[in-house]
file query02.pdb (PDB, C-alpha atoms)
ATOM      1  CA  MET T  26      43.242  -0.811  32.064
ATOM      2  CA  PRO T  27      43.125  -4.342  30.605
ATOM      3  CA  PHE T  28      40.328  -5.313  28.233
ATOM      4  CA  TYR T  29      37.331  -7.273  29.540
ATOM      5  CA  TRP T  30      38.488 -10.498  27.864
ATOM      6  CA  GLU T  31      41.899 -10.091  29.524
ATOM      7  CA  ARG T  32      40.416  -9.382  32.978
ATOM      8  CA  SER T  33      37.754 -12.110  32.734
ATOM      9  CA  PRO T  34      38.898 -14.710  30.190
ATOM     10  CA  GLY T  35      36.213 -17.159  31.323
ATOM     11  CA  GLY T  36      33.520 -14.512  31.756
ATOM     12  CA  PRO T  37      30.168 -14.371  29.994
ATOM     13  CA  PHE T  38      30.106 -13.176  26.388
ATOM     14  CA  VAL T  39      33.913 -12.926  26.158
ATOM     15  CA  THR T  40      33.974 -13.874  22.475
ATOM     16  CA  LEU T  41      31.078 -11.570  21.567
ATOM     17  CA  ILE T  42      32.705  -8.596  23.284
ATOM     18  CA  ALA T  43      36.240  -9.326  22.035
ATOM     19  CA  VAL T  44      35.184  -9.841  18.406
ATOM     20  CA  ALA T  45      32.866  -6.813  18.421
ATOM     21  CA  ALA T  46      35.638  -4.676  19.909
ATOM     22  CA  ASN T  47      38.195  -5.976  17.420
ATOM     23  CA  TYR T  48      36.050  -5.126  14.377
ATOM     24  CA  LEU T  49      33.743  -2.320  15.549
ATOM     25  CA  ASP T  50      35.865  -0.167  17.833
ATOM     26  CA  PRO T  51      35.647   3.377  16.385
ATOM     27  CA  GLU T  52      39.410   3.493  15.807
ATOM     28  CA  ASN T  53      39.511   0.156  13.939
ATOM     29  CA  TYR T  54      35.990  -0.050  12.499
ATOM     30  CA  ASP T  55      35.670  -2.699   9.787
ATOM     31  CA  LEU T  56      32.148  -4.062   9.455
ATOM     32  CA  ASP T  57      32.972  -5.723   6.127
ATOM     33  CA  ASP T  58      35.711  -7.849   7.714
ATOM     34  CA  LEU T  59      33.339  -8.792  10.536
ATOM     35  CA  LYS T  60      30.749  -9.835   7.949
ATOM     36  CA  GLY T  61      33.416 -12.045   6.402
ATOM     37  CA  LEU T  62      34.173 -13.655   9.762
ATOM     38  CA  ALA T  63      30.461 -14.166  10.467
ATOM     39  CA  LYS T  64      30.120 -16.199   7.255
ATOM     40  CA  ARG T  65      32.902 -18.595   8.259
ATOM     41  CA  ASP T  66      31.000 -21.619   9.573
ATOM     42  CA  ASP T  67      34.300 -23.515   9.640
ATOM     43  CA  LEU T  68      35.783 -21.321  12.418
ATOM     44  CA  ASP T  69      35.037 -22.080  16.071
ATOM     45  CA  LYS T  70      35.393 -18.381  16.925
ATOM     46  CA  ALA T  71      32.683 -17.471  14.386
ATOM     47  CA  GLN T  72      30.335 -20.131  15.772
ATOM     48  CA  VAL T  73      30.915 -19.063  19.383
ATOM     49  CA  PHE T  74      30.449 -15.405  18.430
ATOM     50  CA  LYS T  75      27.103 -16.148  16.744
ATOM     51  CA  SER T  76      25.962 -18.285  19.655
ATOM     52  CA  GLU T  77      26.857 -15.590  22.206
ATOM     53  CA  LEU T  78      25.190 -12.898  20.094
ATOM     54  CA  ARG T  79      22.037 -15.026  19.976
ATOM     55  CA  GLN T  80      22.184 -15.523  23.785
ATOM     56  CA  ALA T  81      22.649 -11.786  24.336
ATOM     57  CA  LEU T  82      19.634 -11.072  22.130
ATOM     58  CA  ARG T  83      17.523 -13.460  24.210
ATOM     59  CA  ASP T  84      18.505 -11.703  27.443
ATOM     60  CA  PRO T  85      20.703  -8.585  27.210
ATOM     61  CA  SER T  86      20.562  -8.181  30.987
ATOM     62  CA  ARG T  87      23.096 -11.038  31.188
ATOM     63  CA  LEU T  88      25.769  -8.890  29.483
ATOM     64  CA  PRO T  89      28.447  -7.854  31.972
ATOM     65  CA  GLY T  90      27.658  -4.278  33.047
ATOM     66  CA  GLY T  91      28.763  -1.769  30.444
ATOM     67  CA  GLU T  92      31.525  -3.962  28.994
ATOM     68  CA  LEU T  93      30.050  -4.206  25.493
ATOM     69  CA  PHE T  94      29.554  -0.456  25.243
ATOM     70  CA  GLU T  95      32.980   0.288  26.729
ATOM     71  CA  SER T  96      34.604  -2.009  24.177
ATOM     72  CA  VAL T  97      32.690  -0.865  21.089
ATOM     73  CA  GLU T  98      31.367   2.640  21.949
ATOM     74  CA  TYR T  99      28.326   2.207  19.703
ATOM     75  CA  SER T 100      25.849   5.004  19.106
ATOM     76  CA  ASN T 101      22.723   2.877  18.721
ATOM     77  CA  GLY T 102      21.244   4.078  22.008
ATOM     78  CA  SER T 103      21.115   0.802  23.936
ATOM     79  CA  ASP T 104      22.616  -2.660  24.153
ATOM     80  CA  GLU T 105      19.407  -4.037  22.640
ATOM     81  CA  ALA T 106      19.520  -1.671  19.659
ATOM     82  CA  PHE T 107      23.191  -2.433  19.031
ATOM     83  CA  LEU T 108      22.645  -6.203  19.262
ATOM     84  CA  VAL T 109      19.630  -6.132  16.933
ATOM     85  CA  TRP T 110      21.508  -3.909  14.485
ATOM     86  CA  LEU T 111      24.546  -6.206  14.614
ATOM     87  CA  TRP T 112      22.502  -9.352  14.015
ATOM     88  CA  HIS T 113      20.694  -7.733  11.087
ATOM     89  CA  GLU T 114      23.974  -6.533   9.550
ATOM     90  CA  LEU T 115      25.669  -9.919   9.883
ATOM     91  CA  TYR T 116      22.859 -12.422   9.414
ATOM     92  CA  GLY T 117      20.092 -10.475   7.653
ATOM     93  CA  ASP T 118      16.649 -11.991   8.013
ATOM     94  CA  GLU T 119      17.893 -15.186   9.685
ATOM     95  CA  PRO T 120      15.864 -15.613  12.900
ATOM     96  CA  SER T 121      17.842 -14.411  15.920
ATOM     97  CA  ASP T 122      15.663 -15.780  18.728
ATOM     98  CA  ALA T 123      15.688 -12.295  20.291
ATOM     99  CA  SER T 124      13.057 -11.894  22.967
ATOM    100  CA  ALA T 125      10.068  -9.689  22.199
ATOM    101  CA  LEU T 126      11.216  -7.284  24.907
ATOM    102  CA  THR T 127      14.678  -7.035  23.316
ATOM    103  CA  ARG T 128      13.140  -6.336  19.907
ATOM    104  CA  LEU T 129      10.802  -3.708  21.360
ATOM    105  CA  ARG T 130      13.583  -1.990  23.326
ATOM    106  CA  ALA T 131      15.719  -1.948  20.172
ATOM    107  CA  LEU T 132      13.234   0.018  18.081
ATOM    108  CA  PRO T 133      13.640   1.519  15.534
ATOM    109  CA  GLU T 134      16.408  -0.985  14.640
ATOM    110  CA  PRO T 135      16.617  -2.628  12.068
ATOM    111  CA  PHE T 136      14.215  -0.291  10.239
ATOM    112  CA  ALA T 137      16.032   2.944  11.120
ATOM    113  CA  GLY T 138      17.690   3.361   7.734
ATOM    114  CA  ARG T 139      14.294   3.562   6.035
ATOM    115  CA  LEU T 140      12.850   6.206   8.343
ATOM    116  CA  HIS T 141      13.074   9.979   8.193
ATOM    117  CA  TRP T 142      15.368  11.217  10.998
ATOM    118  CA  ASN T 143      12.432  12.732  12.886
ATOM    119  CA  ALA T 144      10.438   9.486  12.779
ATOM    120  CA  ARG T 145      13.552   7.573  13.890
ATOM    121  CA  HIS T 146      13.984   9.923  16.844
ATOM    122  CA  ASN T 147      10.312   9.681  17.864
ATOM    123  CA  VAL T 148      10.239   5.882  17.653
ATOM    124  CA  ARG T 149      13.422   5.643  19.727
ATOM    125  CA  ALA T 150      12.059   8.088  22.334
ATOM    126  CA  ALA T 151       8.818   6.113  22.680
ATOM    127  CA  ALA T 152      10.726   2.814  22.909
ATOM    128  CA  ASP T 153      13.104   4.281  25.508
ATOM    129  CA  ALA T 154      10.055   5.317  27.544
ATOM    130  CA  GLY T 155       8.556   1.815  27.269
ATOM    131  CA  GLU T 156       5.626   3.116  25.217
ATOM    132  CA  TRP T 157       5.651   0.093  22.926
ATOM    133  CA  ASP T 158       2.311   0.666  21.198
ATOM    134  CA  LYS T 159       3.200   4.290  20.459
ATOM    135  CA  ALA T 160       6.657   3.284  19.187
ATOM    136  CA  LEU T 161       5.148   0.676  16.881
ATOM    137  CA  GLN T 162       2.470   3.054  15.592
ATOM    138  CA  MET T 163       5.118   5.629  14.742
ATOM    139  CA  LEU T 164       7.355   2.963  13.180
ATOM    140  CA  LEU T 165       4.546   1.668  10.971
ATOM    141  CA  ALA T 166       3.537   5.198   9.991
ATOM    142  CA  GLY T 167       7.155   6.092   9.249
ATOM    143  CA  LEU T 168       7.649   3.008   7.092
ATOM    144  CA  ALA T 169       4.419   3.707   5.198
ATOM    145  CA  GLU T 170       5.444   7.361   4.732
ATOM    146  CA  SER T 171       8.928   6.490   3.476
ATOM    147  CA  ASN T 172       7.524   3.835   1.170
ATOM    148  CA  GLY T 173      10.689   1.851   1.932
ATOM    149  CA  PRO T 174      10.812  -1.843   1.139
ATOM    150  CA  VAL T 175       9.802  -4.245   3.901
ATOM    151  CA  SER T 176      10.795  -7.873   3.357
ATOM    152  CA  PRO T 177       8.433 -10.753   4.127
ATOM    153  CA  ALA T 178      10.593 -11.660   7.148
ATOM    154  CA  GLU T 179      10.386  -8.065   8.380
ATOM    155  CA  GLN T 180       6.611  -8.091   7.914
ATOM    156  CA  GLU T 181       6.492 -11.221  10.085
ATOM    157  CA  GLU T 182       8.689  -9.441  12.649
ATOM    158  CA  LEU T 183       6.381  -6.413  12.676
ATOM    159  CA  THR T 184       3.322  -8.651  12.965
ATOM    160  CA  ALA T 185       4.849 -10.442  15.954
ATOM    161  CA  LEU T 186       5.807  -7.179  17.676
ATOM    162  CA  VAL T 187       2.413  -5.600  17.127
ATOM    163  CA  ALA T 188       0.767  -8.801  18.404
ATOM    164  CA  GLU T 189       2.829  -8.471  21.594
ATOM    165  CA  VAL T 190       1.264  -5.121  22.423
ATOM    166  CA  ARG T 191      -2.133  -5.116  20.676
ATOM    167  CA  PRO T 192      -5.180  -7.315  20.296
ATOM    168  CA  PRO T 193      -5.157  -9.432  17.069
ATOM    169  CA  ALA T 194      -7.781  -7.341  15.190
ATOM    170  CA  ALA T 195      -5.738  -4.170  15.655
ATOM    171  CA  THR T 196      -2.620  -5.981  14.437
ATOM    172  CA  THR T 197      -4.141  -6.703  11.019
ATOM    173  CA  ALA T 198      -5.358  -3.131  10.558
ATOM    174  CA  ALA T 199      -2.031  -1.568  11.578
ATOM    175  CA  LEU T 200       0.032  -3.764   9.270
ATOM    176  CA  SER T 201      -2.194  -3.246   6.250
ATOM    177  CA  SER T 202      -0.907   0.329   5.918
ATOM    178  CA  VAL T 203       2.712  -0.889   5.705
ATOM    179  CA  ALA T 204       1.890  -3.624   3.208
ATOM    180  CA  ALA T 205      -0.214  -1.221   1.156
ATOM    181  CA  GLY T 206       2.481   1.449   1.434
ATOM    182  CA  SER T 207       4.976  -0.625  -0.506
ATOM    183  CA  ALA T 208       2.433  -1.292  -3.253
ATOM    184  CA  ARG T 209       0.808   2.120  -3.665
ATOM    185  CA  PRO T 210       2.194   5.369  -5.029
ATOM    186  CA  SER T 211       3.588   7.897  -2.634
ATOM    187  CA  PRO T 212       1.016  10.630  -1.873
ATOM    188  CA  ARG T 213       3.711  13.295  -2.296
ATOM    189  CA  THR T 214       5.168  12.224  -5.631
ATOM    190  CA  GLY T 215       2.420  10.164  -7.204
ATOM    191  CA  ALA T 216       5.145   7.736  -8.310
TER     192      ALA T 216
END
call {"tool": "encode", "arguments": {"input": "query02.pdb", "output": "structure tokens"}}
result
Amino acid sequence: MPFYWERSPGGPFVTLIAVAANYLDPENYDLDDLKGLAKRDDLDKAQVFKSELRQALRDPSRLPGGELFESVEYSNGSDEAFLVWLWHELYGDEPSDASALTRLRALPEPFAGRLHWNARHNVRAAADAGEWDKALQMLLAGLAESNGPVSPAEQEELTALVAEVRPPAATTAALSSVAAGSARPSPRTGA
């Protein structure tokens, strides 16, 4: 069966899907080479790829049904989680313009690497069920427990997500544990 970009050369997200498949297909996986391409502001393909990735993050429902997954076979759990992970890997803390719903559906990405596997699983399960407040509570608790670093941009991201699902007073209280967690010793080790 021909690839999506061969069947629909003028279709939506052709460059995003083709580039992702070229670099992230399990048989040819090369994230480092994709990172190199993403840094090439002088290449039209790199600019179109970034633009389409940004559009997909704004509204993943516009992706052609199953084509991204079929081309890349990612294990992130959802289109949203894969897209958020991909943006974070390629562009770091640069704002992606992802919708709040996309960011919520993508949880625990991009924080997954700093969470214990059980916390990661629980956050993903709550996000998959649309239990945003529960997912965020578990994410914040998991980050505080792991004492993993949270950048200022990530703190802003967490603040914005919590504000989407909670009243402002609760947002400040919930985030204080994460901010304090990176500054205080771990209760288990005392270090």
call {"tool": "resolve_selection", "arguments": {"input": "query02.pdb", "expression": "the PyMOL selection byres ((chain T and resi 179) around 12)", "output": "PyMOL selection string"}}
result
chain T and resi 113+117-120+128+134-136+165+168+173-178+180-186+200+203-204
call {"tool": "closest_residue", "arguments": {"input": "query02.pdb", "among": "T:Phe38, T:Leu164, T:Lys64, T:Tyr99", "to": "Ser86 (chain T)", "atoms": "all atoms listed in the file"}}
result
T:Phe38
call {"tool": "closest_residue", "arguments": {"input": "query02.pdb", "among": "T:Ala151, T:Ala106, T:Leu161, T:Leu93", "to": "Ala46 (chain T)", "atoms": "all atoms listed in the file"}}
result
T:Leu93
call {"tool": "residues_near_point", "arguments": {"input": "query02.pdb", "point": "(28.7, -11.9, 29.2)", "cutoff": "12 Å", "atoms": "all atoms listed in the file", "output": "ChimeraX atom specification"}}
result
/T:29-30,33-43,74,76-82,84-93
call {"tool": "residues_around", "arguments": {"input": "query02.pdb", "residues": "Ser171 (chain T)", "least_positions_apart": "3", "cutoff": "8 Å", "atoms": "all atoms listed in the file", "output": "PyMOL selection string"}}
result
chain T and resi 139-141+167-168
call {"tool": "closest_residue", "arguments": {"input": "query02.pdb", "among": "T:Ala45, T:Leu126, T:Val73, T:Ala131", "to": "Val190 (chain T)", "atoms": "all atoms listed in the file"}}
result
T:Leu126
call {"tool": "atom_distance", "arguments": {"input": "query02.pdb", "atom1": "CA of Val44 (chain T)", "atom2": "CA of Ala152 (chain T)"}}
result
27.9 Å
call {"tool": "residues_around", "arguments": {"input": "query02.pdb", "residues": "Lys159 (chain T)", "least_positions_apart": "2", "cutoff": "12 Å", "atoms": "only C-alpha atoms", "output": "ChimeraX atom specification"}}
result
/T:129,132-133,144,147-157,161-166,187,190-191,199
call {"tool": "closest_residue", "arguments": {"input": "query02.pdb", "among": "T:Ser124, T:Ser103, T:Ala188, T:Trp112", "to": "Lys60 (chain T)", "atoms": "only C-alpha atoms"}}
result
T:Trp112
call {"tool": "atom_distance", "arguments": {"input": "query02.pdb", "atom1": "CA of Asp58 (chain T)", "atom2": "CA of Glu98 (chain T)"}}
result
18.2 Å
call {"tool": "residues_around", "arguments": {"input": "query02.pdb", "residues": "Leu56 (chain T)", "least_positions_apart": "2", "cutoff": "12 Å", "atoms": "all atoms listed in the file", "output": "ChimeraX atom specification"}}
result
/T:44-51,53-54,58-63,110-112,114-115
